[in-house]
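Engineer: Structure incoming, see below.
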Amino acid sequence: MIAALRKRRLTGELYRRDPKIEALLVELSSLSRDDLIARAAHSNRSDPSYIPSECLVYFIRASRADNRETWFERLYKILTARVLRSLPRAENADGRTESLTRGVIREKVFSRFVELLAADRTEYSEKLDYFEVRFDGALASLRRDAQEQAWRDENRSAPLEYDEETGEISPEIERAAGHFDPLAKPEIDAEAYRQRLDAAIEALPPEQSRIIEMLRQGFPIDSKEPGVMTIAKTLSRSEKTVRTYRDKALATLRASLAEGDER
Amino acid sequence: MSPAAHQPSKEDVLDAFAVERDWGREALERYLRAYPQFAAELIDLSRELAREIPDSDTPLSTADQAMIDTAWQHHAEPAAADPLARLSTQELRNVAKRLDVPRQVITAFRERRVILSTVPRSFLACFAKTVDSSIELLVEALSSQPSSGLARSYKADGKPGGEEAVSFERVLTDAGVPDEKRVQLMSDAN
């Protein structure tokens, strides 16, 4: 019998696990603990016997009742190792430098996650339900939370250095941005490119990275039609400001990605 | 999505978006329309959700392994030593009831806000018995840093522990314990 989740959706009904996860939990429950641990140790997602982290969270929480610390410890170490593996590393793609912010975020997310596990051990914590619904998403939410704190700590949300209303973008920046579209997926070495692009985007001032994210999702900068969700409206900025930030962001991204090519 | 009668917290909205089946533009737009006050956070989260998860086959670095071992030690050891850390909210309530004090008195102990030398030994003895511990173990645990309450420290902007420890009598007064009861608890004779 797989215990139901307790967290409620914003609309009021209870969250439920993905039916595939539920089915797998039933199957896995019949395994011996040693067999389950052996399978859980597979960390490659493409491995057919890979156990999704949603299931590991379930078994960790279910072990609360039986007081068998050794069993809990084995699952705990496997799951926390997965968390660390999935968090972007502090080292940059060049292998020589590292991002301080990324290092801080990694530590914050990790310690928050182990705190959640510890809290749930004492008393059911609904926050962990999210990790059984969609582990990667729930972890991404912790990353965002940690990022917000890291940005606050380093004062990154400080306003940009030019006058928004009268400031014209310099011709240099305009030229540098040009027709560059970093979001168009290159065919070669897509994974390495994505990692470098992610690193370059996360180094942008928050407002610029938000514009890039909205562009990636296909939102228009502005629209004549009143009901359309636009970047300008969402971020409460003028169309001109959004375009200026976008060009600045693109110029920075282009420069960062070009640096990587020179290696 | 119809927003509930009471406005959900930022954390609830973001977590709900994070576990949606699909994180594409349609979902983002739906959330942006329903919760425009969290627009910046939703967009930041959308970017985090789009990140590709790094290859999970890479071996852990020594530093990562050390992080896991340290986390486990922190988890395993203080929980055994701190008789208050392992109690659930309901159990804490029961402890308060059995000691006949308001719950915030127990919370004050749990958060190490009571100067132990001001607590009558008779109370400590009852307290230790109630949590299946000895006076020595209880005093030792209460003299060290708390092993739980981490979630509270994480949420706060500043570091926890800003509150000064106060005398047991003061804790009782602040918790609204009537004078007569307070005198009785302080008398060390029960």
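All residue names refer to the structure tokens as shown: chains lettered A, B, ... in order, residues numbered from 1 in each chain, ligands numbered from 1 in order.
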Counting only C-alpha atoms, collect the residues of chain B whose closest atom lies at most 6 Å from chain A, and write them out as a list in words.
Structural biologist: Ala18, Val19, Arg25, Leu45, Glu48, Leu49, Ile53, Pro54, Ser56, Asp57, Arg86 and Ser88 of chain B
Engineer: Export N, CA and C atoms of the chosen residues as a PDB file, in the first residue's frame?
Structural biologist:
ATOM      1  N   ALA B  18       6.783  24.562 -10.316  1.00  0.00           N
ATOM      2  CA  ALA B  18       7.950  23.682 -10.485  1.00  0.00           C
ATOM      3  C   ALA B  18       7.556  22.230 -10.734  1.00  0.00           C
ATOM      4  N   VAL B  19       6.397  21.800 -10.220  1.00  0.00           N
ATOM      5  CA  VAL B  19       6.033  20.398 -10.405  1.00  0.00           C
ATOM      6  C   VAL B  19       4.911  20.217 -11.442  1.00  0.00           C
ATOM      7  N   ARG B  25       5.737  27.512 -22.398  1.00  0.00           N
ATOM      8  CA  ARG B  25       5.220  28.866 -22.396  1.00  0.00           C
ATOM      9  C   ARG B  25       3.785  28.932 -21.877  1.00  0.00           C
ATOM     10  N   LEU B  45      12.495  30.982 -12.233  1.00  0.00           N
ATOM     11  CA  LEU B  45      12.277  29.544 -12.038  1.00  0.00           C
ATOM     12  C   LEU B  45      12.162  28.836 -13.389  1.00  0.00           C
ATOM     13  N   GLU B  48      15.491  28.041 -14.542  1.00  0.00           N
ATOM     14  CA  GLU B  48      16.085  26.917 -13.805  1.00  0.00           C
ATOM     15  C   GLU B  48      15.500  25.583 -14.278  1.00  0.00           C
ATOM     16  N   LEU B  49      14.186  25.600 -14.568  1.00  0.00           N
ATOM     17  CA  LEU B  49      13.528  24.362 -14.995  1.00  0.00           C
ATOM     18  C   LEU B  49      14.023  23.911 -16.363  1.00  0.00           C
ATOM     19  N   ILE B  53      20.022  18.780 -17.012  1.00  0.00           N
ATOM     20  CA  ILE B  53      20.662  18.161 -15.855  1.00  0.00           C
ATOM     21  C   ILE B  53      22.002  17.586 -16.327  1.00  0.00           C
ATOM     22  N   PRO B  54      23.085  17.945 -15.641  1.00  0.00           N
ATOM     23  CA  PRO B  54      24.388  17.440 -16.070  1.00  0.00           C
ATOM     24  C   PRO B  54      24.443  15.915 -16.047  1.00  0.00           C
ATOM     25  N   SER B  56      24.840  12.366 -15.215  1.00  0.00           N
ATOM     26  CA  SER B  56      24.840  11.876 -13.833  1.00  0.00           C
ATOM     27  C   SER B  56      25.835  10.735 -13.611  1.00  0.00           C
ATOM     28  N   ASP B  57      26.594  10.373 -14.641  1.00  0.00           N
ATOM     29  CA  ASP B  57      27.525   9.262 -14.487  1.00  0.00           C
ATOM     30  C   ASP B  57      28.868   9.664 -13.891  1.00  0.00           C
ATOM     31  N   ARG B  86      14.148  15.112  18.457  1.00  0.00           N
ATOM     32  CA  ARG B  86      13.429  14.031  17.779  1.00  0.00           C
ATOM     33  C   ARG B  86      11.919  14.042  18.047  1.00  0.00           C
ATOM     34  N   SER B  88       8.073  15.150  17.777  1.00  0.00           N
ATOM     35  CA  SER B  88       7.171  15.773  16.815  1.00  0.00           C
ATOM     36  C   SER B  88       6.414  16.900  17.519  1.00  0.00           C
TER      37      SER B  88
END
Engineer: If we count only C-alpha atoms, what is near Pro83 (chain B) at a cut-off of 7 Å, once residues fewer than 2 positions away on the same chain are taken out, given as a PyMOL selection string?
Structural biologist: chain B and resi 81+85-86+131+133+138
Engineer: Mind pulling up the distance from CA of Leu253 (chain A) to CA of Arg196 (chain A)?
Structural biologist: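 Taking CA of Arg196 (chain A) as the start and CA of Leu253 (chain A) as the end point, the length is 9.6 Å.
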Engineer: Rounded to one decimal in Å, what is the spacing between CA of Gln73 (chain B) and CA of Ile60 (chain A)?
Structural biologist: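 CA of Ile60 (chain A) lies 16.8 Å from CA of Gln73 (chain B).
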Engineer: Interatomic distance between CA of Thr97 (chain A) and CA of Asp44 (chain B)?
Structural biologist: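 Atom-to-atom, CA of Thr97 (chain A) to CA of Asp44 (chain B), that is 24.6 Å.
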Engineer: Skipping near chain neighbours, those fewer than 6 positions away, what residues fall within 10 Å of region 23-36 of chain A using only C-alpha atoms, listed as a list of chain:residue names?
Structural biologist: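 Selected residues are A:Met1, A:Ile2, A:Arg17, A:Ile51, A:Pro52, A:Glu54, A:Cys55, A:Leu56, A:Tyr58, A:Phe59, A:Trp71, A:Arg74, A:Leu75.
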Engineer: Could you dump the residues just selected with N, CA and C atoms as a PDB file, in the first residue's frame?
Structural biologist:
ATOM      1  N   MET A   1       0.856  -1.201   0.000  1.00  0.00           N
ATOM      2  CA  MET A   1       0.000   0.000   0.000  1.00  0.00           C
ATOM      3  C   MET A   1       0.889   1.247   0.000  1.00  0.00           C
ATOM      4  N   ILE A   2       0.756   2.033  -1.028  1.00  0.00           N
ATOM      5  CA  ILE A   2       1.584   3.240  -1.137  1.00  0.00           C
ATOM      6  C   ILE A   2       0.806   4.417  -0.529  1.00  0.00           C
ATOM      7  N   ARG A  17       1.056  11.300  -7.123  1.00  0.00           N
ATOM      8  CA  ARG A  17       2.264  10.950  -7.851  1.00  0.00           C
ATOM      9  C   ARG A  17       1.900  10.609  -9.293  1.00  0.00           C
ATOM     10  N   ILE A  51      16.283   3.884 -10.975  1.00  0.00           N
ATOM     11  CA  ILE A  51      15.108   4.204 -10.145  1.00  0.00           C
ATOM     12  C   ILE A  51      14.985   5.727 -10.045  1.00  0.00           C
ATOM     13  N   PRO A  52      13.874   6.278 -10.505  1.00  0.00           N
ATOM     14  CA  PRO A  52      13.717   7.737 -10.422  1.00  0.00           C
ATOM     15  C   PRO A  52      13.823   8.224  -8.977  1.00  0.00           C
ATOM     16  N   GLU A  54      12.137  10.301  -7.417  1.00  0.00           N
ATOM     17  CA  GLU A  54      10.826  10.397  -6.756  1.00  0.00           C
ATOM     18  C   GLU A  54      10.603   9.152  -5.881  1.00  0.00           C
ATOM     19  N   CYS A  55      11.000   7.987  -6.420  1.00  0.00           N
ATOM     20  CA  CYS A  55      10.804   6.727  -5.676  1.00  0.00           C
ATOM     21  C   CYS A  55      11.732   6.669  -4.460  1.00  0.00           C
ATOM     22  N   LEU A  56      12.958   7.145  -4.628  1.00  0.00           N
ATOM     23  CA  LEU A  56      13.893   7.100  -3.492  1.00  0.00           C
ATOM     24  C   LEU A  56      13.388   7.969  -2.351  1.00  0.00           C
ATOM     25  N   TYR A  58      10.324   8.558  -1.689  1.00  0.00           N
ATOM     26  CA  TYR A  58       9.240   7.788  -1.059  1.00  0.00           C
ATOM     27  C   TYR A  58       9.811   6.786  -0.058  1.00  0.00           C
ATOM     28  N   PHE A  59      10.803   5.993  -0.484  1.00  0.00           N
ATOM     29  CA  PHE A  59      11.324   4.950   0.411  1.00  0.00           C
ATOM     30  C   PHE A  59      12.024   5.548   1.635  1.00  0.00           C
ATOM     31  N   TRP A  71      19.440   1.295   6.960  1.00  0.00           N
ATOM     32  CA  TRP A  71      18.682   1.327   5.706  1.00  0.00           C
ATOM     33  C   TRP A  71      18.482   2.776   5.271  1.00  0.00           C
ATOM     34  N   ARG A  74      21.747   4.314   3.947  1.00  0.00           N
ATOM     35  CA  ARG A  74      22.138   3.922   2.588  1.00  0.00           C
ATOM     36  C   ARG A  74      21.337   4.707   1.553  1.00  0.00           C
ATOM     37  N   LEU A  75      20.040   4.811   1.770  1.00  0.00           N
ATOM     38  CA  LEU A  75      19.200   5.570   0.835  1.00  0.00           C
ATOM     39  C   LEU A  75      19.570   7.051   0.846  1.00  0.00           C
TER      40      LEU A  75
END
Engineer: Between B:Thr62, B:Leu32, B:Arg98, B:Leu124, which has the minimum distance to Leu137 (chain B) (counting only C-alpha atoms)?
Structural biologist: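 Among B:Thr62, B:Leu32, B:Arg98, B:Leu124, it is B:Leu124 that comes nearest to Leu137 (chain B).
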